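Below is input-v8.pdb, which holds PDB, C-alpha atoms (C1' of nucleotides).
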```pdb
ATOM      1  CA  MET S   1       4.806  22.955   0.619  1.00  0.00           C
ATOM      2  CA  LYS S   2       5.509  22.222   4.284  1.00  0.00           C
ATOM      3  CA  GLN S   3       3.728  19.710   6.472  1.00  0.00           C
ATOM      4  CA  LEU S   4       2.344  21.286   9.639  1.00  0.00           C
ATOM      5  CA  LYS S   5       4.412  20.281  12.648  1.00  0.00           C
ATOM      6  CA  ARG S   6       3.645  19.358  16.223  1.00  0.00           C
ATOM      7  CA  SER S   7       4.756  22.826  17.341  1.00  0.00           C
ATOM      8  CA  PHE S   8       2.006  24.412  15.206  1.00  0.00           C
ATOM      9  CA  PHE S   9      -0.738  22.430  16.946  1.00  0.00           C
ATOM     10  CA  GLU S  10       0.624  22.507  20.485  1.00  0.00           C
ATOM     11  CA  ARG S  11       0.221  26.257  20.913  1.00  0.00           C
ATOM     12  CA  SER S  12      -2.232  27.419  23.559  1.00  0.00           C
ATOM     13  CA  LYS S  13      -4.608  29.657  21.591  1.00  0.00           C
ATOM     14  CA  VAL S  14      -7.046  27.316  19.880  1.00  0.00           C
ATOM     15  CA  THR S  15      -8.839  30.254  18.256  1.00  0.00           C
ATOM     16  CA  HIS S  16      -5.592  31.408  16.615  1.00  0.00           C
ATOM     17  CA  ILE S  17      -4.921  27.904  15.321  1.00  0.00           C
ATOM     18  CA  ALA S  18      -8.477  27.622  13.960  1.00  0.00           C
ATOM     19  CA  ARG S  19      -8.014  30.928  12.135  1.00  0.00           C
ATOM     20  CA  GLU S  20      -4.618  29.941  10.735  1.00  0.00           C
ATOM     21  CA  LEU S  21      -5.882  26.559   9.521  1.00  0.00           C
ATOM     22  CA  VAL S  22      -8.177  28.320   7.040  1.00  0.00           C
ATOM     23  CA  GLY S  23      -6.333  28.191   3.720  1.00  0.00           C
ATOM     24  CA  LYS S  24      -4.193  25.161   4.665  1.00  0.00           C
ATOM     25  CA  LEU S  25      -4.278  21.883   2.742  1.00  0.00           C
ATOM     26  CA  LEU S  26      -5.809  18.674   4.085  1.00  0.00           C
ATOM     27  CA  VAL S  27      -4.482  15.524   2.384  1.00  0.00           C
ATOM     28  CA  THR S  28      -5.592  11.926   2.890  1.00  0.00           C
ATOM     29  CA  HIS S  29      -4.110   8.695   1.552  1.00  0.00           C
ATOM     30  CA  ILE S  30      -6.829   6.136   2.173  1.00  0.00           C
ATOM     31  CA  ASP S  31      -7.654   2.918   0.288  1.00  0.00           C
ATOM     32  CA  GLY S  32      -4.873   3.687  -2.176  1.00  0.00           C
ATOM     33  CA  GLU S  33      -6.442   6.992  -3.175  1.00  0.00           C
ATOM     34  CA  SER S  34      -4.892  10.424  -2.593  1.00  0.00           C
ATOM     35  CA  VAL S  35      -7.258  13.330  -2.045  1.00  0.00           C
ATOM     36  CA  THR S  36      -6.511  16.985  -1.331  1.00  0.00           C
ATOM     37  CA  GLY S  37      -8.755  19.794  -0.103  1.00  0.00           C
ATOM     38  CA  ARG S  38      -8.136  23.383   0.954  1.00  0.00           C
ATOM     39  CA  ILE S  39      -9.673  24.160   4.330  1.00  0.00           C
ATOM     40  CA  VAL S  40     -12.228  26.985   4.015  1.00  0.00           C
ATOM     41  CA  GLU S  41     -14.187  26.685   7.277  1.00  0.00           C
ATOM     42  CA  THR S  42     -13.232  25.764  10.860  1.00  0.00           C
ATOM     43  CA  GLU S  43     -14.529  26.072  14.410  1.00  0.00           C
ATOM     44  CA  ALA S  44     -12.590  26.267  17.692  1.00  0.00           C
ATOM     45  CA  TYR S  45     -13.463  24.312  20.839  1.00  0.00           C
ATOM     46  CA  ALA S  46     -11.641  25.288  24.017  1.00  0.00           C
ATOM     47  CA  ALA S  47     -10.896  23.344  27.204  1.00  0.00           C
ATOM     48  CA  THR S  48     -12.070  25.935  29.692  1.00  0.00           C
ATOM     49  CA  GLY S  49     -14.855  28.489  29.581  1.00  0.00           C
ATOM     50  CA  ASP S  50     -16.548  26.785  26.627  1.00  0.00           C
ATOM     51  CA  LYS S  51     -19.707  24.820  27.314  1.00  0.00           C
ATOM     52  CA  ALA S  52     -19.883  23.666  23.693  1.00  0.00           C
ATOM     53  CA  CYS S  53     -16.682  21.645  24.024  1.00  0.00           C
ATOM     54  CA  HIS S  54     -17.214  17.921  24.649  1.00  0.00           C
ATOM     55  CA  ALA S  55     -14.497  17.987  27.312  1.00  0.00           C
ATOM     56  CA  HIS S  56     -15.373  21.241  29.043  1.00  0.00           C
ATOM     57  CA  LEU S  57     -14.804  21.385  32.814  1.00  0.00           C
ATOM     58  CA  GLY S  58     -12.440  18.440  32.534  1.00  0.00           C
ATOM     59  CA  ARG S  59     -15.006  15.906  31.356  1.00  0.00           C
ATOM     60  CA  PHE S  60     -13.073  12.734  30.568  1.00  0.00           C
ATOM     61  CA  THR S  61     -14.886   9.823  28.923  1.00  0.00           C
ATOM     62  CA  GLU S  62     -14.222   7.043  26.446  1.00  0.00           C
ATOM     63  CA  ARG S  63     -14.987   9.431  23.599  1.00  0.00           C
ATOM     64  CA  THR S  64     -13.452  12.683  24.821  1.00  0.00           C
ATOM     65  CA  LYS S  65     -10.189  11.176  26.050  1.00  0.00           C
ATOM     66  CA  THR S  66      -8.832  11.697  22.526  1.00  0.00           C
ATOM     67  CA  MET S  67      -9.017  15.466  23.051  1.00  0.00           C
ATOM     68  CA  TYR S  68      -6.475  15.145  25.856  1.00  0.00           C
ATOM     69  CA  LYS S  69      -3.869  13.825  23.414  1.00  0.00           C
ATOM     70  CA  PRO S  70      -0.998  16.043  22.175  1.00  0.00           C
ATOM     71  CA  GLY S  71      -1.770  18.684  19.526  1.00  0.00           C
ATOM     72  CA  GLY S  72      -1.760  17.269  16.002  1.00  0.00           C
ATOM     73  CA  THR S  73      -3.847  14.190  16.858  1.00  0.00           C
ATOM     74  CA  ALA S  74      -7.060  13.451  14.930  1.00  0.00           C
ATOM     75  CA  TYR S  75     -10.290  13.474  16.970  1.00  0.00           C
ATOM     76  CA  ILE S  76     -12.995  11.789  14.905  1.00  0.00           C
ATOM     77  CA  TYR S  77     -16.408  10.810  16.205  1.00  0.00           C
ATOM     78  CA  LEU S  78     -19.847   9.874  14.955  1.00  0.00           C
ATOM     79  CA  CYS S  79     -22.579  12.492  15.127  1.00  0.00           C
ATOM     80  CA  TYR S  80     -26.328  11.894  14.751  1.00  0.00           C
ATOM     81  CA  GLY S  81     -25.504   8.230  14.202  1.00  0.00           C
ATOM     82  CA  ILE S  82     -24.511   8.945  10.609  1.00  0.00           C
ATOM     83  CA  HIS S  83     -21.808  11.536  10.160  1.00  0.00           C
ATOM     84  CA  HIS S  84     -18.096  11.264  10.830  1.00  0.00           C
ATOM     85  CA  LEU S  85     -16.828  14.616  12.117  1.00  0.00           C
ATOM     86  CA  PHE S  86     -13.123  15.382  11.823  1.00  0.00           C
ATOM     87  CA  ASN S  87     -11.248  17.542  14.336  1.00  0.00           C
ATOM     88  CA  VAL S  88      -7.593  18.247  15.070  1.00  0.00           C
ATOM     89  CA  VAL S  89      -6.546  18.248  18.688  1.00  0.00           C
ATOM     90  CA  THR S  90      -4.622  21.363  19.715  1.00  0.00           C
ATOM     91  CA  ASN S  91      -2.612  22.467  22.759  1.00  0.00           C
ATOM     92  CA  VAL S  92      -0.334  20.168  24.772  1.00  0.00           C
ATOM     93  CA  GLU S  93      -1.200  16.724  26.110  1.00  0.00           C
ATOM     94  CA  GLY S  94      -3.664  16.975  28.982  1.00  0.00           C
ATOM     95  CA  THR S  95      -5.421  20.119  27.712  1.00  0.00           C
ATOM     96  CA  PRO S  96      -8.530  19.124  25.714  1.00  0.00           C
ATOM     97  CA  GLU S  97      -8.891  21.610  22.857  1.00  0.00           C
ATOM     98  CA  ALA S  98      -9.656  20.979  19.188  1.00  0.00           C
ATOM     99  CA  VAL S  99     -10.509  22.555  15.848  1.00  0.00           C
ATOM    100  CA  LEU S 100     -13.446  21.158  13.863  1.00  0.00           C
ATOM    101  CA  ILE S 101     -12.859  21.144  10.110  1.00  0.00           C
ATOM    102  CA  ARG S 102     -16.247  22.070   8.640  1.00  0.00           C
ATOM    103  CA  ALA S 103     -15.570  22.433   4.915  1.00  0.00           C
ATOM    104  CA  VAL S 104     -12.832  22.196   2.295  1.00  0.00           C
ATOM    105  CA  GLU S 105     -12.479  23.247  -1.330  1.00  0.00           C
ATOM    106  CA  PRO S 106     -11.719  20.225  -3.560  1.00  0.00           C
ATOM    107  CA  ILE S 107      -8.191  20.480  -5.003  1.00  0.00           C
ATOM    108  CA  SER S 108      -7.267  17.018  -6.281  1.00  0.00           C
ATOM    109  CA  GLY S 109      -8.732  13.523  -6.290  1.00  0.00           C
ATOM    110  CA  LEU S 110     -12.099  14.855  -7.459  1.00  0.00           C
ATOM    111  CA  GLU S 111     -13.140  11.534  -8.984  1.00  0.00           C
ATOM    112  CA  THR S 112     -12.499   9.710  -5.729  1.00  0.00           C
ATOM    113  CA  MET S 113     -14.489  12.320  -3.808  1.00  0.00           C
ATOM    114  CA  MET S 114     -17.459  12.095  -6.159  1.00  0.00           C
ATOM    115  CA  GLU S 115     -17.389   8.311  -6.066  1.00  0.00           C
ATOM    116  CA  ARG S 116     -17.327   8.283  -2.249  1.00  0.00           C
ATOM    117  CA  ARG S 117     -20.173  10.808  -2.126  1.00  0.00           C
ATOM    118  CA  GLY S 118     -22.149   9.091  -4.882  1.00  0.00           C
ATOM    119  CA  LEU S 119     -22.309  12.287  -6.949  1.00  0.00           C
ATOM    120  CA  GLU S 120     -22.061  12.670 -10.721  1.00  0.00           C
ATOM    121  CA  LYS S 121     -20.839  16.247 -10.809  1.00  0.00           C
ATOM    122  CA  LYS S 122     -18.605  18.623  -8.900  1.00  0.00           C
ATOM    123  CA  ALA S 123     -21.290  20.221  -6.760  1.00  0.00           C
ATOM    124  CA  ARG S 124     -21.083  22.372  -3.658  1.00  0.00           C
ATOM    125  CA  ASN S 125     -22.329  19.557  -1.463  1.00  0.00           C
ATOM    126  CA  LEU S 126     -19.260  17.498  -2.402  1.00  0.00           C
ATOM    127  CA  THR S 127     -17.214  18.810   0.536  1.00  0.00           C
ATOM    128  CA  ALA S 128     -19.166  21.735   2.074  1.00  0.00           C
ATOM    129  CA  GLY S 129     -20.162  20.565   5.557  1.00  0.00           C
ATOM    130  CA  PRO S 130     -18.373  18.597   8.293  1.00  0.00           C
ATOM    131  CA  GLY S 131     -20.105  15.271   7.604  1.00  0.00           C
ATOM    132  CA  VAL S 132     -19.880  15.305   3.814  1.00  0.00           C
ATOM    133  CA  MET S 133     -16.303  16.619   3.858  1.00  0.00           C
ATOM    134  CA  SER S 134     -15.214  13.618   5.926  1.00  0.00           C
ATOM    135  CA  GLN S 135     -17.020  11.255   3.579  1.00  0.00           C
ATOM    136  CA  ALA S 136     -15.392  12.790   0.486  1.00  0.00           C
ATOM    137  CA  MET S 137     -11.939  12.606   2.080  1.00  0.00           C
ATOM    138  CA  GLY S 138     -12.502   8.995   3.199  1.00  0.00           C
ATOM    139  CA  ILE S 139     -12.225   9.849   6.901  1.00  0.00           C
ATOM    140  CA  THR S 140     -14.010   7.534   9.346  1.00  0.00           C
ATOM    141  CA  THR S 141     -13.948   6.972  13.089  1.00  0.00           C
ATOM    142  CA  SER S 142     -11.482   4.101  12.596  1.00  0.00           C
ATOM    143  CA  LEU S 143      -8.864   6.814  12.019  1.00  0.00           C
ATOM    144  CA  ASN S 144      -9.493   8.381  15.420  1.00  0.00           C
ATOM    145  CA  GLU S 145      -6.229   9.226  17.209  1.00  0.00           C
ATOM    146  CA  THR S 146      -4.216   9.280  13.986  1.00  0.00           C
ATOM    147  CA  ASP S 147      -1.066  11.407  14.373  1.00  0.00           C
ATOM    148  CA  LEU S 148      -1.317  14.048  11.626  1.00  0.00           C
ATOM    149  CA  THR S 149       2.269  15.178  12.071  1.00  0.00           C
ATOM    150  CA  ARG S 150       3.932  11.929  10.997  1.00  0.00           C
ATOM    151  CA  THR S 151       5.378  12.277   7.498  1.00  0.00           C
ATOM    152  CA  LYS S 152       3.718   9.056   6.295  1.00  0.00           C
ATOM    153  CA  SER S 153       0.402   9.477   8.125  1.00  0.00           C
ATOM    154  CA  VAL S 154      -2.755   8.693   6.139  1.00  0.00           C
ATOM    155  CA  ILE S 155      -4.052  12.161   7.104  1.00  0.00           C
ATOM    156  CA  ARG S 156      -1.754  15.182   6.893  1.00  0.00           C
ATOM    157  CA  MET S 157      -1.946  18.956   6.779  1.00  0.00           C
ATOM    158  CA  TYR S 158       0.252  21.208   4.682  1.00  0.00           C
ATOM    159  CA  ASP S 159       1.029  24.899   4.265  1.00  0.00           C
ATOM    160  CA  ASP S 160       1.544  25.654   0.578  1.00  0.00           C
ATOM    161  CA  GLY S 161       1.956  29.382   1.106  1.00  0.00           C
ATOM    162  CA  PHE S 162      -1.580  30.153  -0.021  1.00  0.00           C
ATOM    163  CA  ASP S 163      -2.122  33.901   0.249  1.00  0.00           C
ATOM    164  CA  MET S 164      -5.427  34.676   1.898  1.00  0.00           C
ATOM    165  CA  VAL S 165      -6.016  37.863  -0.050  1.00  0.00           C
ATOM    166  CA  SER S 166      -9.760  37.598   0.397  1.00  0.00           C
ATOM    167  CA  GLY S 167      -9.469  37.496   4.174  1.00  0.00           C
ATOM    168  CA  ILE S 168     -11.066  35.562   6.989  1.00  0.00           C
ATOM    169  CA  GLU S 169     -14.647  35.903   8.199  1.00  0.00           C
ATOM    170  CA  THR S 170     -15.752  35.102  11.752  1.00  0.00           C
ATOM    171  CA  GLY S 171     -19.155  34.157  13.111  1.00  0.00           C
ATOM    172  CA  PRO S 172     -20.926  32.058  15.760  1.00  0.00           C
ATOM    173  CA  ARG S 173     -20.513  28.290  15.729  1.00  0.00           C
ATOM    174  CA  VAL S 174     -23.175  25.992  14.314  1.00  0.00           C
ATOM    175  CA  GLY S 175     -25.471  23.483  15.998  1.00  0.00           C
ATOM    176  CA  ILE S 176     -24.533  24.109  19.625  1.00  0.00           C
ATOM    177  CA  ASP S 177     -27.598  25.912  20.973  1.00  0.00           C
ATOM    178  CA  TYR S 178     -27.405  23.840  24.136  1.00  0.00           C
ATOM    179  CA  ALA S 179     -24.205  25.716  25.098  1.00  0.00           C
ATOM    180  CA  GLY S 180     -26.125  28.807  26.203  1.00  0.00           C
ATOM    181  CA  GLU S 181     -24.205  32.067  25.938  1.00  0.00           C
ATOM    182  CA  ASP S 182     -21.112  30.223  24.670  1.00  0.00           C
ATOM    183  CA  ALA S 183     -23.079  29.473  21.497  1.00  0.00           C
ATOM    184  CA  LEU S 184     -22.656  33.152  20.636  1.00  0.00           C
ATOM    185  CA  LEU S 185     -18.850  33.178  20.705  1.00  0.00           C
ATOM    186  CA  PRO S 186     -17.460  34.130  17.257  1.00  0.00           C
ATOM    187  CA  TRP S 187     -15.308  31.015  17.046  1.00  0.00           C
ATOM    188  CA  ARG S 188     -16.172  29.976  13.521  1.00  0.00           C
ATOM    189  CA  PHE S 189     -13.662  30.980  10.860  1.00  0.00           C
ATOM    190  CA  SER S 190     -14.118  30.848   7.115  1.00  0.00           C
ATOM    191  CA  LEU S 191     -12.547  32.027   3.904  1.00  0.00           C
ATOM    192  CA  LYS S 192     -14.377  35.139   2.780  1.00  0.00           C
ATOM    193  CA  GLY S 193     -16.114  34.741  -0.558  1.00  0.00           C
ATOM    194  CA  SER S 194     -15.434  31.013  -0.887  1.00  0.00           C
ATOM    195  CA  LYS S 195     -18.095  29.012  -2.717  1.00  0.00           C
ATOM    196  CA  TRP S 196     -17.177  25.939  -0.700  1.00  0.00           C
ATOM    197  CA  LYS S 197     -18.342  26.944   2.776  1.00  0.00           C
ATOM    198  CA  SER S 198     -20.964  24.835   4.520  1.00  0.00           C
ATOM    199  CA  PRO S 199     -24.585  25.903   3.866  1.00  0.00           C
ATOM    200  CA  ALA S 200     -25.302  26.288   7.588  1.00  0.00           C
ATOM    201  CA  LYS S 201     -25.969  29.871   8.531  1.00  0.00           C
TER     202      LYS S 201
ATOM    203  C1'  DA H 202     -30.023  -1.812  31.595  1.00  0.00           C
ATOM    204  C1'  DT H 203     -32.062   1.871  29.371  1.00  0.00           C
ATOM    205  C1'  DA H 204     -33.568   6.238  27.565  1.00  0.00           C
ATOM    206  C1'  DA H 205     -32.226  10.807  25.889  1.00  0.00           C
ATOM    207  C1'  DT H 206     -29.579  13.331  22.754  1.00  0.00           C
ATOM    208  C1'  DG H 207     -26.536  15.347  19.219  1.00  0.00           C
ATOM    209  C1'  DA H 208     -20.147  20.037  16.623  1.00  0.00           C
ATOM    210  C1'  DT H 209     -25.708  16.869  10.510  1.00  0.00           C
ATOM    211  C1'  DT H 210     -27.576  15.954   6.003  1.00  0.00           C
ATOM    212  C1'  DC H 211     -31.080  15.181   2.669  1.00  0.00           C
ATOM    213  C1'  DG H 212     -35.433  15.086   0.629  1.00  0.00           C
ATOM    214  C1'  DC H 213     -39.837  16.900   0.483  1.00  0.00           C
ATOM    215  C1'  DT H 214     -43.121  20.900   0.696  1.00  0.00           C
TER     216       DT H 214
ATOM    217  C1'  DG F 215     -38.363  25.870   6.024  1.00  0.00           C
ATOM    218  C1'  DC F 216     -39.300  21.284   8.324  1.00  0.00           C
ATOM    219  C1'  DG F 217     -38.624  16.729   9.895  1.00  0.00           C
ATOM    220  C1'  DA F 218     -36.830  12.022   9.477  1.00  0.00           C
ATOM    221  C1'  DA F 219     -32.889   9.052   9.497  1.00  0.00           C
ATOM    222  C1'  DT F 220     -29.939   6.449  12.746  1.00  0.00           C
ATOM    223  C1'  DC F 221     -26.586   4.968  16.487  1.00  0.00           C
ATOM    224  C1'  DA F 222     -22.527   5.842  19.604  1.00  0.00           C
ATOM    225  C1'  DT F 223     -22.118   8.092  23.629  1.00  0.00           C
ATOM    226  C1'  DT F 224     -23.699   9.672  27.938  1.00  0.00           C
ATOM    227  C1'  DA F 225     -26.035   9.964  32.205  1.00  0.00           C
ATOM    228  C1'  DT F 226     -29.699   8.013  34.610  1.00  0.00           C
ATOM    229  C1'  DG F 227     -32.567  14.973  32.813  1.00  0.00           C
TER     230       DG F 227
END
```

Written as structure tokens, how would this file's structure read?
Amino acid sequence: MKQLKRSFFERSKVTHIARELVGKLLVTHIDGESVTGRIVETEAYAATGDKACHAHLGRFTERTKTMYKPGGTAYIYLCYGIHHLFNVVTNVEGTPEAVLIRAVEPISGLETMMERRGLEKKARNLTAGPGVMSQAMGITTSLNETDLTRTKSVIRMYDDGFDMVSGIETGPRVGIDYAGEDALLPWRFSLKGSKWKSPAK
DNA sequence: ATAATGATTCGCT
DNA sequence: GCGAATCATTATG
């Protein structure tokens, strides 16, 4: 079980990183609770040639400045006034690219997840979807700019050698109709056959 | 200063 | 399937 290093995130192909993150482990240590999930769905957002990216064409604002940080930094922001969306910055400092984590499969800390989500049972909507996944893992915007590569970080990613025998599926990204033709790019990656993917089509 | 809008979810029909 | 909830961010649409 190896923690993902800076060199993994600082590579230039955000789509490759998004694909490789499927099957990796996401671990949080928040409020004294440890929670683990296996990533089953991601989306890539690229610096150039991608209208769906918050920082496309070099847009630099209070919110998007986090995407210009070095690869391995957490980019967390509030969407629709309610949902905390968790991304990992990729590429080197100054190049705003990121991977949105859309869904994970619960591995450990199930009781904590259900308590945070206010659910009685282990249901699909425990962690399937970018907003609910963040809630189950305890991720909020206060953790924006967390360095995921530090060994004692409250959010970390690990490679446990999981063999993706079932393969990776690709498809268009969700909820970005405003991006025109870029909304059609097959930059969404998910674990084929997983029951824990987000319900969005 | 202010109005529009969104990388969503949930409950109701 | 449809629409409300709800607010930080963004541009002044």

Interface list for chain H, partner chain S, 12 Å threshold, only C-alpha atoms (C1' of nucleotides), as a list of chain:residue names: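 Residues passing the distance filter: H:DT206, H:DG207, H:DA208, H:DT209, H:DT210, H:DC211.
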
Do you have the atom CA of S:Lys69-atom CA of S:Asp147 distance handy?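 Atom CA of S:Lys69 sits 9.8 Å away from atom CA of S:Asp147.
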
Can you tell me, as a tab-separated table (two decimals) with C-alpha atoms, in the coordinates of the input, what residues are no more than 9 Å from stretch 106-112 of chain S when counting only C-alpha atoms (C1' of nucleotides), ignoring any on the same chain fewer than 6 positions away?
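File result-v3.tsv, as written:
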```tsv
chain	number	residue	atom	x	y	z
S	25	LEU	CA	-4.28	21.88	2.74
S	33	GLU	CA	-6.44	6.99	-3.18
S	34	SER	CA	-4.89	10.42	-2.59
S	35	VAL	CA	-7.26	13.33	-2.04
S	36	THR	CA	-6.51	16.98	-1.33
S	37	GLY	CA	-8.76	19.79	-0.10
S	38	ARG	CA	-8.14	23.38	0.95
S	122	LYS	CA	-18.60	18.62	-8.90
S	126	LEU	CA	-19.26	17.50	-2.40
S	127	THR	CA	-17.21	18.81	0.54
S	136	ALA	CA	-15.39	12.79	0.49
S	137	MET	CA	-11.94	12.61	2.08
S	138	GLY	CA	-12.50	8.99	3.20
S	196	TRP	CA	-17.18	25.94	-0.70
```

List as a VMD selection string the protein and nucleic acid residues near H:DA204, meaning an atom at most 12 Å away when only C-alpha atoms (C1' of nucleotides) are counted, but skip any in the same chain fewer than 2 places from it. (chain H and resid 202 206) or (chain F and resid 224 to 227)

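Any residue of chain F with an atom within 8 Å of chain S counts; using all atoms listed in the file, that gives DT220, DC221, DA222 and DT223 of chain F.
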
Just need the box for chain F, edges along x, y and z, holding every atom the file lists for it with 6 Å tacked onto each side, so centre and edge lengths in Å to one decimal, as JSON.
```
{"center_x": -30.7, "center_y": 15.4, "center_z": 20.3, "size_x": 29.2, "size_y": 32.9, "size_z": 40.6}
```

Polymer residues at most 6 Å from stretch 158-170 of chain S, all atoms listed in the file, same-chain spacing of 3 or more positions, as a PDB file with C-alpha atoms, keeping the file's coordinate frame:
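Saved the output as around12.pdb:
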```pdb
ATOM      1  CA  MET S   1       4.806  22.955   0.619  1.00  0.00           C
ATOM      2  CA  LYS S   2       5.509  22.222   4.284  1.00  0.00           C
ATOM      3  CA  GLN S   3       3.728  19.710   6.472  1.00  0.00           C
ATOM      4  CA  LEU S   4       2.344  21.286   9.639  1.00  0.00           C
ATOM      5  CA  LYS S  24      -4.193  25.161   4.665  1.00  0.00           C
ATOM      6  CA  LEU S  25      -4.278  21.883   2.742  1.00  0.00           C
ATOM      7  CA  PRO S 186     -17.460  34.130  17.257  1.00  0.00           C
ATOM      8  CA  ARG S 188     -16.172  29.976  13.521  1.00  0.00           C
ATOM      9  CA  PHE S 189     -13.662  30.980  10.860  1.00  0.00           C
ATOM     10  CA  SER S 190     -14.118  30.848   7.115  1.00  0.00           C
ATOM     11  CA  LEU S 191     -12.547  32.027   3.904  1.00  0.00           C
ATOM     12  CA  LYS S 192     -14.377  35.139   2.780  1.00  0.00           C
TER      13      LYS S 192
END
```

Which value, in Å to one decimal, gives the distance between atom CA of S:Gly71 and atom CA of S:Gly49?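 Atom-to-atom, atom CA of S:Gly71 and atom CA of S:Gly49 are spaced 19.2 Å apart.
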
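Distance check against S:Pro199 using all atoms listed in the file: of S:Ala183, S:Ile139, S:Met67, S:Ala128, the minimum falls on S:Ala128.
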
Expand the PyMOL selection byres ((chain F and resi 217) around 10) into the explicit residue set it covers here, and present it as a PyMOL selection string. (chain H and resi 212-213) or (chain F and resi 215-216+218-219)

Provide the atom CA of S:Leu21 to atom CA of S:Ala103 distance in Å, to one decimal place. 11.5 Å

List as a ChimeraX atom specification the residues having at least one atom at most 10 Å from position (-6.9, 16.1, 12.2) as given in the file, counting only C-alpha atoms (C1' of nucleotides). /S:26,71-76,86-90,98-101,139,143-149,155-157
